[in-house]
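Chemist: So I've got this file, work.txt, and it contains compact mmCIF, C-alpha atoms and all ligand atoms:
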```
# COMPACT_ATOMS: atom_id res chain seq x y z
CA MET A 1 0.00 0.00 0.00
CA SER A 2 1.19 3.49 -0.80
CA ASN A 3 2.75 5.76 1.78
CA VAL A 4 2.22 8.77 -0.48
CA GLU A 5 -0.26 11.19 1.08
CA LYS A 6 -2.91 13.07 -0.90
CA THR A 7 -1.32 14.99 -3.78
CA VAL A 8 -2.21 17.57 -6.41
CA LEU A 9 -1.05 17.62 -10.02
CA VAL A 10 -0.08 21.19 -10.92
CA ILE A 11 -0.15 22.04 -14.61
CA ASN A 12 1.22 25.15 -16.27
CA CYS A 13 0.63 25.22 -20.02
CA GLY A 14 2.44 27.58 -22.38
CA SER A 15 1.94 27.78 -26.13
CA SER A 16 4.54 25.09 -26.81
CA SER A 17 5.14 23.60 -23.36
CA VAL A 18 3.49 21.92 -20.40
CA LYS A 19 5.19 22.11 -17.00
CA PHE A 20 3.87 19.66 -14.43
CA ALA A 21 4.49 18.70 -10.83
CA ILE A 22 2.90 16.40 -8.29
CA ILE A 23 2.94 18.05 -4.89
CA ASN A 24 1.77 17.32 -1.38
CA PRO A 25 -0.30 20.45 -0.63
CA ASN A 26 0.30 20.17 3.09
CA ASP A 27 4.07 20.12 3.24
CA GLY A 28 5.11 21.12 -0.30
CA HIS A 29 6.83 17.80 -0.93
CA VAL A 30 7.42 17.38 -4.71
CA TYR A 31 7.12 13.76 -5.88
CA LEU A 32 7.46 14.37 -9.59
CA ASN A 33 8.20 17.30 -11.83
CA GLY A 34 8.87 17.77 -15.49
CA ILE A 35 8.23 19.59 -18.71
CA ALA A 36 7.01 18.74 -22.19
CA GLU A 37 8.61 21.14 -24.65
CA TYR A 38 8.67 22.02 -28.35
CA LEU A 39 5.05 20.88 -28.63
CA ASN A 40 3.58 21.06 -32.15
CA LEU A 41 7.15 21.00 -33.51
CA PRO A 42 9.16 18.09 -34.96
CA GLU A 43 11.38 17.92 -31.86
CA ALA A 44 8.51 17.61 -29.32
CA ARG A 45 9.84 15.94 -26.16
CA ILE A 46 9.13 15.40 -22.51
CA GLU A 47 11.44 15.13 -19.52
CA TRP A 48 10.60 14.28 -15.94
CA ARG A 49 12.15 13.39 -12.64
CA PHE A 50 10.70 11.39 -9.78
CA GLU A 51 11.95 12.48 -6.39
CA GLY A 52 15.33 10.91 -5.62
CA GLN A 53 15.78 9.54 -9.15
CA GLU A 54 17.66 10.53 -12.28
CA LYS A 55 15.98 12.73 -14.89
CA GLN A 56 14.34 10.78 -17.73
CA SER A 57 13.31 11.97 -21.17
CA GLN A 58 11.48 10.79 -24.23
CA ASP A 59 10.74 12.10 -27.72
CA LEU A 60 7.00 12.53 -28.10
CA GLY A 61 6.93 12.19 -31.87
CA ASN A 62 6.70 14.67 -34.71
CA LYS A 63 4.40 17.59 -33.83
CA ALA A 64 3.08 15.97 -30.69
CA ASP A 65 0.66 18.39 -29.00
CA HIS A 66 -0.54 19.18 -25.47
CA ASP A 67 -3.05 16.32 -25.61
CA ILE A 68 -0.32 13.81 -26.40
CA ALA A 69 1.98 15.22 -23.72
CA ILE A 70 -0.67 15.08 -20.98
CA SER A 71 -1.82 11.63 -21.94
CA PHE A 72 1.85 10.47 -21.95
CA LEU A 73 2.12 11.83 -18.41
CA ASN A 74 -0.91 9.79 -17.39
CA SER A 75 -0.42 6.58 -19.36
CA ASN A 76 3.37 6.26 -19.43
CA ILE A 77 4.97 8.25 -16.63
CA LEU A 78 2.38 7.80 -13.88
CA ALA A 79 1.62 4.25 -14.99
CA THR A 80 4.98 3.34 -13.45
CA ARG A 81 3.83 4.77 -10.10
CA PRO A 82 0.27 3.59 -9.39
CA ASP A 83 0.65 4.75 -5.78
CA LEU A 84 1.21 8.32 -6.99
CA LEU A 85 -1.61 8.12 -9.48
CA GLU A 86 -3.92 6.95 -6.72
CA SER A 87 -2.83 9.73 -4.39
CA LEU A 88 -3.97 12.42 -6.86
CA CYS A 89 -7.01 14.20 -5.54
CA ALA A 90 -7.08 17.32 -7.71
CA VAL A 91 -5.46 19.02 -10.67
CA GLY A 92 -4.51 22.71 -10.32
CA HIS A 93 -4.08 24.83 -13.43
CA ARG A 94 -2.13 28.08 -13.57
CA ILE A 95 -4.00 30.69 -15.61
CA VAL A 96 -2.30 33.96 -16.54
CA GLN A 97 -5.37 36.13 -17.11
CA GLY A 98 -8.77 35.96 -15.44
CA GLY A 99 -9.78 39.58 -16.10
CA GLU A 100 -12.36 40.91 -13.65
CA LEU A 101 -14.23 37.60 -13.77
CA TYR A 102 -12.12 35.68 -11.28
CA THR A 103 -10.92 36.94 -7.93
CA GLU A 104 -10.11 33.54 -6.46
CA PRO A 105 -9.36 29.90 -7.36
CA THR A 106 -12.29 28.39 -9.20
CA LEU A 107 -13.52 24.88 -9.87
CA VAL A 108 -13.31 24.21 -13.62
CA THR A 109 -16.63 23.88 -15.41
CA ASP A 110 -17.56 24.46 -19.03
CA GLU A 111 -18.65 27.93 -17.96
CA VAL A 112 -15.22 28.66 -16.47
CA GLU A 113 -13.59 27.49 -19.70
CA ALA A 114 -15.80 30.00 -21.52
CA GLY A 115 -14.74 32.70 -19.05
CA ILE A 116 -11.04 31.99 -19.70
CA GLU A 117 -11.81 32.19 -23.42
CA LYS A 118 -13.38 35.63 -22.90
CA CYS A 119 -10.11 36.86 -21.35
CA ILE A 120 -8.03 35.79 -24.39
CA PRO A 121 -7.72 39.34 -25.80
CA PHE A 122 -5.68 40.32 -22.72
CA ALA A 123 -3.43 37.23 -22.83
CA PRO A 124 -3.44 36.11 -26.46
CA LEU A 125 -0.41 33.85 -26.05
CA HIS A 126 -1.20 32.32 -22.68
CA ASN A 127 -4.95 31.80 -22.26
CA PRO A 128 -5.45 29.73 -25.45
CA ALA A 129 -2.64 27.42 -24.32
CA HIS A 130 -4.18 27.16 -20.82
CA LEU A 131 -7.49 26.13 -22.37
CA ILE A 132 -5.86 23.43 -24.45
CA GLY A 133 -4.17 22.17 -21.29
CA ILE A 134 -7.36 22.22 -19.23
CA ARG A 135 -9.29 20.31 -21.89
CA ALA A 136 -6.54 17.71 -22.31
CA ALA A 137 -6.15 17.28 -18.54
CA ARG A 138 -9.91 17.02 -17.91
CA LYS A 139 -9.91 14.13 -20.39
CA ALA A 140 -6.81 12.41 -19.02
CA PHE A 141 -7.66 12.93 -15.32
CA ALA A 142 -11.44 12.77 -15.46
CA ASN A 143 -12.03 11.47 -11.94
CA VAL A 144 -10.61 14.36 -9.93
CA PRO A 145 -11.70 18.00 -9.65
CA HIS A 146 -9.82 20.55 -11.74
CA VAL A 147 -9.19 23.98 -10.27
CA THR A 148 -7.93 27.13 -11.96
CA VAL A 149 -5.68 29.57 -10.14
CA PHE A 150 -5.49 32.98 -11.78
CA ASP A 151 -2.34 35.11 -11.78
CA THR A 152 -4.48 38.23 -11.96
CA ALA A 153 -6.76 37.32 -9.03
CA PHE A 154 -4.46 38.69 -6.31
CA HIS A 155 -4.48 42.10 -7.99
CA GLN A 156 -8.27 42.41 -8.11
CA THR A 157 -8.25 44.25 -4.77
CA MET A 158 -6.55 47.31 -6.31
CA PRO A 159 -8.60 50.51 -6.06
CA PRO A 160 -9.64 52.39 -9.24
CA VAL A 161 -6.94 55.04 -8.71
CA ALA A 162 -4.40 52.26 -9.26
CA TYR A 163 -6.12 50.17 -11.94
CA ARG A 164 -7.86 52.74 -14.15
CA TYR A 165 -6.10 54.50 -17.02
CA ALA A 166 -6.85 58.18 -17.64
CA ILE A 167 -8.57 57.44 -20.95
CA PRO A 168 -12.28 57.66 -21.91
CA GLU A 169 -14.46 55.72 -19.48
CA GLU A 170 -16.12 53.43 -21.99
CA LEU A 171 -12.75 51.95 -22.96
CA TYR A 172 -12.83 50.51 -19.47
CA THR A 173 -16.54 49.86 -18.96
CA LYS A 174 -17.20 48.41 -22.43
CA ASN A 175 -13.81 47.08 -23.41
CA GLY A 176 -12.15 46.21 -20.10
CA ILE A 177 -9.01 48.28 -20.67
CA ARG A 178 -7.41 48.66 -17.22
CA ARG A 179 -4.45 47.47 -15.16
CA TYR A 180 -4.71 43.75 -14.34
CA GLY A 181 -1.22 42.89 -13.06
CA ALA A 182 0.64 39.58 -13.31
CA HIS A 183 2.59 37.11 -11.15
CA GLY A 184 -0.15 37.55 -8.52
CA THR A 185 0.25 34.02 -7.16
CA SER A 186 3.90 34.77 -6.41
CA HIS A 187 3.26 38.25 -4.96
CA GLY A 188 0.53 36.86 -2.70
CA TYR A 189 2.67 33.94 -1.57
CA VAL A 190 5.78 35.94 -0.66
CA ALA A 191 3.75 38.69 1.02
CA ALA A 192 2.12 36.11 3.31
CA GLU A 193 5.36 34.21 3.77
CA VAL A 194 7.42 37.24 4.83
CA ALA A 195 4.81 38.19 7.46
CA LYS A 196 5.01 34.64 8.77
CA GLN A 197 8.82 34.66 8.82
CA LEU A 198 8.89 37.97 10.68
CA ASN A 199 6.17 36.89 13.13
CA ALA A 200 3.98 39.76 11.99
CA ASP A 201 0.19 39.88 11.66
CA PRO A 202 -0.33 39.68 7.86
CA GLU A 203 -3.44 41.82 8.23
CA ASN A 204 -1.45 44.60 9.77
CA PHE A 205 1.64 44.53 7.63
CA ASN A 206 2.64 46.52 4.54
CA VAL A 207 5.06 45.04 2.07
CA ILE A 208 6.52 45.79 -1.35
CA THR A 209 7.03 42.53 -3.24
CA CYS A 210 9.52 42.40 -6.13
CA HIS A 211 9.05 39.35 -8.37
CA LEU A 212 12.08 39.43 -10.66
CA GLY A 213 12.45 36.71 -13.27
CA ASN A 214 12.43 36.83 -17.05
CA GLY A 215 9.11 38.54 -16.54
CA ALA A 216 9.19 40.96 -13.62
CA SER A 217 6.80 43.06 -11.56
CA VAL A 218 6.51 44.93 -8.26
CA SER A 219 3.43 45.08 -6.05
CA ALA A 220 2.34 47.17 -3.09
CA VAL A 221 0.56 44.93 -0.58
CA LYS A 222 -1.32 46.61 2.28
CA ASN A 223 -2.54 44.39 5.10
CA GLY A 224 -2.43 41.32 2.84
CA LYS A 225 -4.24 42.97 -0.10
CA CYS A 226 -2.70 44.22 -3.33
CA VAL A 227 -3.17 48.00 -3.74
CA ASP A 228 -0.94 48.61 -6.77
CA THR A 229 1.26 46.72 -9.20
CA SER A 230 3.59 47.55 -12.05
CA ILE A 231 2.12 45.36 -14.78
CA GLY A 232 -0.76 46.87 -16.68
CA LEU A 233 -3.23 45.57 -19.24
CA THR A 234 -0.64 43.01 -20.36
CA PRO A 235 2.75 41.87 -19.03
CA LEU A 236 4.56 44.49 -21.13
CA ASP A 237 4.30 47.28 -18.55
CA GLY A 238 6.52 48.32 -15.67
CA LEU A 239 10.04 47.07 -15.07
CA VAL A 240 12.77 46.41 -17.62
CA MET A 241 12.48 42.66 -18.30
CA GLY A 242 14.47 39.99 -20.14
CA THR A 243 13.10 40.83 -23.58
CA ARG A 244 10.25 43.24 -22.74
CA CYS A 245 10.70 47.00 -22.59
CA GLY A 246 8.45 47.73 -19.60
CA SER A 247 6.87 51.20 -19.23
CA ILE A 248 7.17 53.28 -22.38
CA ASP A 249 5.49 56.40 -23.78
CA ALA A 250 2.61 55.18 -25.97
CA SER A 251 3.66 57.76 -28.57
CA VAL A 252 6.72 55.64 -29.37
CA VAL A 253 4.25 53.28 -31.08
CA PHE A 254 2.71 56.12 -33.13
CA PHE A 255 6.15 57.39 -34.07
CA MET A 256 7.40 53.97 -35.14
CA CYS A 257 4.26 53.29 -37.18
CA ASP A 258 3.47 56.73 -38.61
CA VAL A 259 6.96 58.12 -39.17
CA LEU A 260 9.23 55.08 -39.42
CA GLY A 261 6.77 52.81 -41.25
CA TYR A 262 6.71 49.86 -38.85
CA LYS A 263 3.62 47.66 -38.78
CA VAL A 264 1.84 47.28 -35.44
CA GLU A 265 2.73 43.57 -35.33
CA GLU A 266 6.41 44.46 -35.77
CA VAL A 267 6.28 46.93 -32.88
CA ARG A 268 4.56 44.30 -30.74
CA GLU A 269 7.29 41.79 -31.58
CA ILE A 270 10.07 44.31 -30.84
CA PHE A 271 8.59 45.47 -27.51
CA ASN A 272 7.88 41.91 -26.32
CA LYS A 273 10.74 39.85 -27.71
CA LYS A 274 13.61 42.15 -28.72
CA SER A 275 13.67 44.79 -26.00
CA GLY A 276 14.56 44.91 -22.30
CA LEU A 277 17.91 43.51 -21.14
CA MET A 278 18.37 41.87 -24.54
CA ALA A 279 18.16 45.17 -26.40
CA LEU A 280 20.28 47.13 -23.93
CA SER A 281 23.08 44.57 -23.67
CA THR A 282 22.76 43.49 -27.35
CA THR A 283 24.03 40.06 -26.25
CA THR A 284 21.79 38.45 -23.63
CA SER A 285 18.41 38.60 -21.90
CA ASP A 286 19.74 36.49 -19.04
CA TRP A 287 20.59 38.30 -15.80
CA ARG A 288 23.65 36.12 -15.14
CA GLY A 289 25.12 37.26 -18.47
CA ILE A 290 24.24 40.89 -17.71
CA THR A 291 25.93 40.68 -14.31
CA GLU A 292 29.03 39.05 -15.77
CA GLY A 293 29.34 41.86 -18.33
CA TYR A 294 28.70 44.49 -15.63
CA GLU A 295 31.44 43.08 -13.43
CA LYS A 296 33.87 43.10 -16.36
CA GLY A 297 33.00 46.74 -17.11
CA ASP A 298 31.15 46.07 -20.38
CA GLU A 299 29.41 49.37 -21.17
CA LYS A 300 26.19 47.91 -22.58
CA CYS A 301 25.73 45.36 -19.84
CA THR A 302 26.40 48.11 -17.31
CA LEU A 303 23.62 50.22 -18.82
CA ALA A 304 21.28 47.21 -18.75
CA PHE A 305 22.19 46.47 -15.11
CA GLU A 306 21.81 50.10 -14.05
CA MET A 307 18.51 50.63 -15.89
CA PHE A 308 16.99 47.48 -14.40
CA CYS A 309 17.95 48.61 -10.88
CA TYR A 310 17.01 52.26 -11.44
CA ARG A 311 13.52 51.40 -12.74
CA LEU A 312 12.96 48.97 -9.89
CA ALA A 313 14.12 51.47 -7.24
CA LYS A 314 11.76 54.11 -8.72
CA TYR A 315 8.81 51.71 -8.44
CA ILE A 316 9.69 50.73 -4.89
CA ALA A 317 9.96 54.39 -3.89
CA SER A 318 6.62 55.19 -5.57
CA TYR A 319 4.83 52.44 -3.64
CA TYR A 320 5.42 54.34 -0.41
CA VAL A 321 2.50 56.45 -1.67
CA PRO A 322 -0.25 53.78 -1.55
CA LEU A 323 1.28 52.11 1.51
CA GLY A 324 2.17 55.16 3.61
CA HIS A 325 4.25 53.05 5.92
CA VAL A 326 6.33 50.12 4.61
CA ASP A 327 7.25 47.24 6.92
CA ALA A 328 9.18 45.11 4.43
CA ILE A 329 10.60 44.90 0.94
CA VAL A 330 10.75 41.35 -0.46
CA PHE A 331 12.86 40.03 -3.32
CA THR A 332 11.85 36.88 -5.16
CA GLY A 333 12.04 35.18 -8.61
CA GLY A 334 15.26 33.93 -10.25
CA ILE A 335 16.91 37.37 -10.17
CA GLY A 336 15.46 38.55 -6.86
CA GLU A 337 16.39 35.35 -5.03
CA ASN A 338 19.95 35.19 -6.33
CA SER A 339 21.39 38.51 -7.43
CA TYR A 340 22.94 40.12 -4.36
CA LEU A 341 24.58 42.71 -6.63
CA MET A 342 21.17 43.82 -7.94
CA ARG A 343 19.73 44.02 -4.42
CA LYS A 344 22.71 46.04 -3.20
CA ARG A 345 22.38 48.53 -6.06
CA VAL A 346 18.61 48.88 -5.69
CA VAL A 347 18.85 49.59 -1.96
CA GLU A 348 21.68 52.09 -2.63
CA LEU A 349 19.41 53.90 -5.08
CA LEU A 350 16.55 54.28 -2.59
CA PRO A 351 16.60 57.80 -1.12
CA GLU A 352 18.03 58.17 2.38
CA VAL A 353 14.64 59.23 3.71
CA PHE A 354 13.37 55.64 3.47
CA GLY A 355 16.20 54.45 5.74
CA ALA A 356 16.58 51.10 3.92
CA LYS A 357 19.93 49.54 4.83
CA LEU A 358 21.41 46.16 4.00
CA ASP A 359 23.50 43.80 6.04
CA LEU A 360 26.02 43.25 3.23
CA GLU A 361 27.16 39.87 4.47
CA ALA A 362 23.60 38.54 4.85
CA ASN A 363 22.79 39.95 1.40
CA SER A 364 25.72 38.20 -0.18
CA LYS A 365 24.82 34.91 1.50
CA ALA A 366 21.15 35.03 0.48
CA ARG A 367 21.39 33.21 -2.84
CA ALA A 368 18.65 30.67 -3.37
CA TYR A 369 20.76 28.54 -5.69
CA LEU A 370 23.12 28.01 -2.74
CA GLY A 371 20.23 27.42 -0.37
CA GLY A 372 20.38 30.92 1.14
CA SER A 373 17.43 33.23 1.83
CA GLY A 374 15.87 35.26 4.67
CA PRO A 375 16.36 38.76 6.13
CA ILE A 376 19.16 40.86 4.62
CA HIS A 377 18.56 44.24 6.31
CA SER A 378 20.92 45.74 8.87
CA ALA A 379 19.88 46.16 12.50
CA ASP A 380 19.34 49.92 12.03
CA SER A 381 17.33 49.67 8.78
CA LYS A 382 13.91 51.37 8.99
CA VAL A 383 12.44 48.69 6.75
CA LYS A 384 12.95 44.93 6.76
CA ILE A 385 14.45 43.61 3.55
CA VAL A 386 13.96 39.89 2.95
CA VAL A 387 14.73 37.30 0.26
CA VAL A 388 11.86 34.81 -0.01
CA PRO A 389 12.00 32.03 -2.63
CA THR A 390 8.69 31.93 -4.42
CA ASN A 391 6.62 28.75 -4.72
CA GLU A 392 3.75 29.28 -7.11
CA GLU A 393 3.22 25.53 -7.56
CA LEU A 394 2.61 25.09 -3.83
CA VAL A 395 0.02 27.87 -3.83
CA ILE A 396 -1.74 26.25 -6.79
CA ALA A 397 -1.62 22.84 -5.10
CA ARG A 398 -3.04 24.26 -1.85
CA SER A 399 -5.75 26.20 -3.67
CA ALA A 400 -6.83 23.11 -5.60
CA PHE A 401 -6.76 20.96 -2.46
CA LYS A 402 -9.17 23.30 -0.67
CA PHE A 403 -11.88 22.26 -3.12
CA VAL A 404 -11.35 18.61 -2.31
CA LYS A 405 -11.66 19.21 1.40
P1 LIG B 1 10.83 32.96 -15.27
O1 LIG B 1 10.14 32.01 -14.32
O2 LIG B 1 10.19 34.31 -15.36
O3 LIG B 1 11.17 32.39 -16.60
P2 LIG B 1 12.99 32.85 -13.32
O4 LIG B 1 12.26 33.28 -12.10
O5 LIG B 1 13.44 31.45 -13.44
O6 LIG B 1 12.23 33.31 -14.63
O7 LIG B 1 14.28 33.80 -13.43
C1 LIG B 1 15.12 33.75 -14.53
C2 LIG B 1 16.19 34.83 -14.34
O8 LIG B 1 16.87 34.58 -13.10
C3 LIG B 1 17.23 34.83 -15.44
O9 LIG B 1 17.48 36.17 -15.89
C4 LIG B 1 18.45 34.27 -14.75
O10 LIG B 1 19.64 34.79 -15.27
C5 LIG B 1 18.25 34.74 -13.33
N1 LIG B 1 19.05 33.90 -12.42
C6 LIG B 1 18.92 32.59 -12.18
N2 LIG B 1 19.89 32.14 -11.34
C7 LIG B 1 20.65 33.22 -11.05
C8 LIG B 1 21.82 33.43 -10.26
N3 LIG B 1 22.40 32.45 -9.61
N4 LIG B 1 22.31 34.69 -10.19
C9 LIG B 1 21.74 35.70 -10.86
N5 LIG B 1 20.66 35.58 -11.63
C10 LIG B 1 20.10 34.36 -11.73
```
For the structure just supplied, provide its representation as structure tokens.
Modeler:
Amino acid sequence: MSNVEKTVLVINCGSSSVKFAIINPNDGHVYLNGIAEYLNLPEARIEWRFEGQEKQSQDLGNKADHDIAISFLNSNILATRPDLLESLCAVGHRIVQGGELYTEPTLVTDEVEAGIEKCIPFAPLHNPAHLIGIRAARKAFANVPHVTVFDTAFHQTMPPVAYRYAIPEELYTKNGIRRYGAHGTSHGYVAAEVAKQLNADPENFNVITCHLGNGASVSAVKNGKCVDTSIGLTPLDGLVMGTRCGSIDASVVFFMCDVLGYKVEEVREIFNKKSGLMALSTTTSDWRGITEGYEKGDEKCTLAFEMFCYRLAKYIASYYVPLGHVDAIVFTGGIGENSYLMRKRVVELLPEVFGAKLDLEANSKARAYLGGSGPIHSADSKVKIVVVPTNEELVIARSAFKFVK
């Protein structure tokens, strides 16, 4: 008989990939994780690793799609572990965009699928892929409840002053043009986690959460609720990102189209895929590469490094407005959890009036890839500064498990 406790299968579908993990929602134990990649392409493949075992991989066949990948997970990978298959009590799906329709995790029904479809205009790359994944998973794992967890849900508590744009009202009321935010599952998780770590009451605790990965955003969280965030209608807004430009004057689009003759699709491609750290450094979108260049004195990498930190420090400083008083600043995501150089520079850039000070040794030690995290502020800092590794999969697993209970 199995000694595996109840588990949740967490699925995160992209346009050409499916990431999956089987997690114990109570203690975060990961029994299996993996990814199917290059879906719909000749080189479609899947790789996975059971806890304590070597990674395995398999070609899925020419142009294998999400359906094939998810049914391979069920019929081939999990078939070797009937105990794990039996322990599954829910499937949790990560959904990038739930618009104003979804403010919390939701049990998947045909109506919910239709709702996710309605939000496609605001996440044209992600939501269609999520739907394909949901449909494939509902077929493959028909006997357990499926639950969607929306990245935008955490940001639905923002007030109109933060989420409205100063454009004609009907563009919001009729067409839904407003700030929605992104990475909400991560912001919510680290905001709650830092309060726990600091023994603070999360409902009386103000925190600025910096989720810094290839995609990046900052949120202001007041007493556990999001009151502002840097991502807008789509994940293009806000910080300088790996290949996205972040905040930019909308007139740049008019200028490029009207004067320089670009097509709108070309501008979209440039802003999303050829901008950010990639454009500034001209060599890499990866923060490790940027840091290496910065340390060697490469001019372009230095500009990329400085602009990333400068933009982030400006956002952090601006979030003192909605929060009034800030108890903690949290760094998370691949860059936030690891780059002590970035954190040092960002804190240096914050004006003296905020009184944010680092313990340089603690900062240097807090690198998640070496197992380090936790508080990095000095004893006389006016604000706590903490590195908290994010765990979006655990949040999704817990959210899905609630429905089973
Ligand atoms: P996403 O989930 O958005 O794809 P991640 O959260 O995995 O991204 O973060 C990826 C970023 O984290 C990359 O820019 C990568 O260079 C950076 N990163 C990962 N490990 C380190 C490290 N040890 N030091 C500095 N940056 C790192």
Chemist: Let me see if you get this right: every residue at most 7 Å from ligand LIG 1 (chain B), counting all atoms listed in the file, written as a list in words.
Modeler: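 Based on all atoms listed in the file, ligand LIG 1 (chain B) is surrounded within 7 Å by Leu212, Gly213, Asn214, Gly215, Ala216, Gly242, Ser285, Asp286, Trp287, Arg288, Gly289, Gly333, Gly334, Ile335, Asn338, Ser339, Arg367 and Tyr369 of chain A.
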Chemist: Sorted by chain and rising residue number, list the residues of stretch 31-135 of chain A at most 12 Å from stretch 148-162 of chain A (counting only C-alpha atoms), each with its closest atom pair and distance in Å to one decimal, as a Markdown table.
Modeler:
```
| residue | atom | partner | partner_atom | distance |
| --- | --- | --- | --- | --- |
| A:Ala90 | CA | A:Thr148 | CA | 10.7 |
| A:Val91 | CA | A:Thr148 | CA | 8.6 |
| A:Gly92 | CA | A:Thr148 | CA | 5.8 |
| A:His93 | CA | A:Thr148 | CA | 4.7 |
| A:Arg94 | CA | A:Val149 | CA | 5.2 |
| A:Ile95 | CA | A:Phe150 | CA | 4.7 |
| A:Val96 | CA | A:Asp151 | CA | 4.9 |
| A:Gln97 | CA | A:Thr152 | CA | 5.6 |
| A:Gly98 | CA | A:Phe150 | CA | 5.7 |
| A:Gly99 | CA | A:Thr152 | CA | 6.9 |
| A:Glu100 | CA | A:Gln156 | CA | 7.0 |
| A:Leu101 | CA | A:Ala153 | CA | 8.9 |
| A:Tyr102 | CA | A:Ala153 | CA | 6.0 |
| A:Thr103 | CA | A:Ala153 | CA | 4.3 |
| A:Glu104 | CA | A:Ala153 | CA | 5.7 |
| A:Pro105 | CA | A:Val149 | CA | 4.6 |
| A:Thr106 | CA | A:Thr148 | CA | 5.3 |
| A:Leu107 | CA | A:Thr148 | CA | 6.4 |
| A:Val108 | CA | A:Thr148 | CA | 6.3 |
| A:Thr109 | CA | A:Thr148 | CA | 9.9 |
| A:Val112 | CA | A:Thr148 | CA | 8.7 |
| A:Glu113 | CA | A:Thr148 | CA | 9.6 |
| A:Gly115 | CA | A:Thr148 | CA | 11.3 |
| A:Ile116 | CA | A:Thr148 | CA | 9.7 |
| A:Cys119 | CA | A:Thr152 | CA | 11.0 |
| A:Phe122 | CA | A:Thr152 | CA | 11.0 |
| A:Ala123 | CA | A:Thr152 | CA | 11.0 |
| A:His126 | CA | A:Asp151 | CA | 11.3 |
| A:Asn127 | CA | A:Phe150 | CA | 10.6 |
| A:His130 | CA | A:Thr148 | CA | 9.6 |
| A:Leu131 | CA | A:Thr148 | CA | 10.5 |
| A:Gly133 | CA | A:Thr148 | CA | 11.2 |
| A:Ile134 | CA | A:Thr148 | CA | 8.8 |
```
Chemist: Write a file of the selected residues as a PDB file, keeping the file's coordinate frame, keeping C-alpha atoms.
Modeler:
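As written to disk, again11.pdb reads:
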```pdb
ATOM      1  CA  ALA A  90      -7.080  17.320  -7.710  1.00  0.00           C
ATOM      2  CA  VAL A  91      -5.460  19.020 -10.670  1.00  0.00           C
ATOM      3  CA  GLY A  92      -4.510  22.710 -10.320  1.00  0.00           C
ATOM      4  CA  HIS A  93      -4.080  24.830 -13.430  1.00  0.00           C
ATOM      5  CA  ARG A  94      -2.130  28.080 -13.570  1.00  0.00           C
ATOM      6  CA  ILE A  95      -4.000  30.690 -15.610  1.00  0.00           C
ATOM      7  CA  VAL A  96      -2.300  33.960 -16.540  1.00  0.00           C
ATOM      8  CA  GLN A  97      -5.370  36.130 -17.110  1.00  0.00           C
ATOM      9  CA  GLY A  98      -8.770  35.960 -15.440  1.00  0.00           C
ATOM     10  CA  GLY A  99      -9.780  39.580 -16.100  1.00  0.00           C
ATOM     11  CA  GLU A 100     -12.360  40.910 -13.650  1.00  0.00           C
ATOM     12  CA  LEU A 101     -14.230  37.600 -13.770  1.00  0.00           C
ATOM     13  CA  TYR A 102     -12.120  35.680 -11.280  1.00  0.00           C
ATOM     14  CA  THR A 103     -10.920  36.940  -7.930  1.00  0.00           C
ATOM     15  CA  GLU A 104     -10.110  33.540  -6.460  1.00  0.00           C
ATOM     16  CA  PRO A 105      -9.360  29.900  -7.360  1.00  0.00           C
ATOM     17  CA  THR A 106     -12.290  28.390  -9.200  1.00  0.00           C
ATOM     18  CA  LEU A 107     -13.520  24.880  -9.870  1.00  0.00           C
ATOM     19  CA  VAL A 108     -13.310  24.210 -13.620  1.00  0.00           C
ATOM     20  CA  THR A 109     -16.630  23.880 -15.410  1.00  0.00           C
ATOM     21  CA  VAL A 112     -15.220  28.660 -16.470  1.00  0.00           C
ATOM     22  CA  GLU A 113     -13.590  27.490 -19.700  1.00  0.00           C
ATOM     23  CA  GLY A 115     -14.740  32.700 -19.050  1.00  0.00           C
ATOM     24  CA  ILE A 116     -11.040  31.990 -19.700  1.00  0.00           C
ATOM     25  CA  CYS A 119     -10.110  36.860 -21.350  1.00  0.00           C
ATOM     26  CA  PHE A 122      -5.680  40.320 -22.720  1.00  0.00           C
ATOM     27  CA  ALA A 123      -3.430  37.230 -22.830  1.00  0.00           C
ATOM     28  CA  HIS A 126      -1.200  32.320 -22.680  1.00  0.00           C
ATOM     29  CA  ASN A 127      -4.950  31.800 -22.260  1.00  0.00           C
ATOM     30  CA  HIS A 130      -4.180  27.160 -20.820  1.00  0.00           C
ATOM     31  CA  LEU A 131      -7.490  26.130 -22.370  1.00  0.00           C
ATOM     32  CA  GLY A 133      -4.170  22.170 -21.290  1.00  0.00           C
ATOM     33  CA  ILE A 134      -7.360  22.220 -19.230  1.00  0.00           C
TER      34      ILE A 134
END
```
Chemist: Once 5 Å is added on each side, what are the centre and the three edge lengths, in Å to one decimal, of the axis-aligned box enclosing the listed atoms of stretch 233-251 of chain A? Present them as lines of an AutoDock Vina configuration file.
Modeler:
```
center_x = 5.6
center_y = 48.9
center_z = -21.8
size_x = 27.7
size_y = 27.8
size_z = 23.5
```
Chemist: Determine the nearest neighbour of A:Ala200 from the options A:Lys174, A:Val383, A:Asp249, A:Asp327, counting only C-alpha atoms.
Modeler: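 Closest candidate: A:Asp327.
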Chemist: Please identify all polymer residues within 9 Å of A:Tyr38, counting only C-alpha atoms, omitting same-chain residues fewer than 4 positions from it, and present them as a list in words.
Modeler: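 That gives Ser16, Ser17, Pro42, Glu43, Ala44, Arg45, Ile46, Lys63, Ala64 and Asp65 of chain A.
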Chemist: In Å, with one decimal, what is the gap from atom CA of A:Phe354 to atom CA of A:Ala317?
Modeler: 8.2 Å
Chemist: Can you pull out the residues contacting stretch 386-394 of chain A? Cut-off 8 Å, using all atoms listed in the file, and skip same-chain residues under 5 positions away; I want them as a list in words.
Modeler: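 Listing them by chain and then by number gives Val10, Ala21, Ile23, Pro25, Gly28, Thr185, Ser186, Tyr189, Val190, Glu193, Val194, Ala328, Ile329, Val330, Phe331, Thr332, Gly333, Gly336, Glu337, Ala366, Ala368, Ser373, Gly374, Pro375, Ile376 and His377 of chain A.
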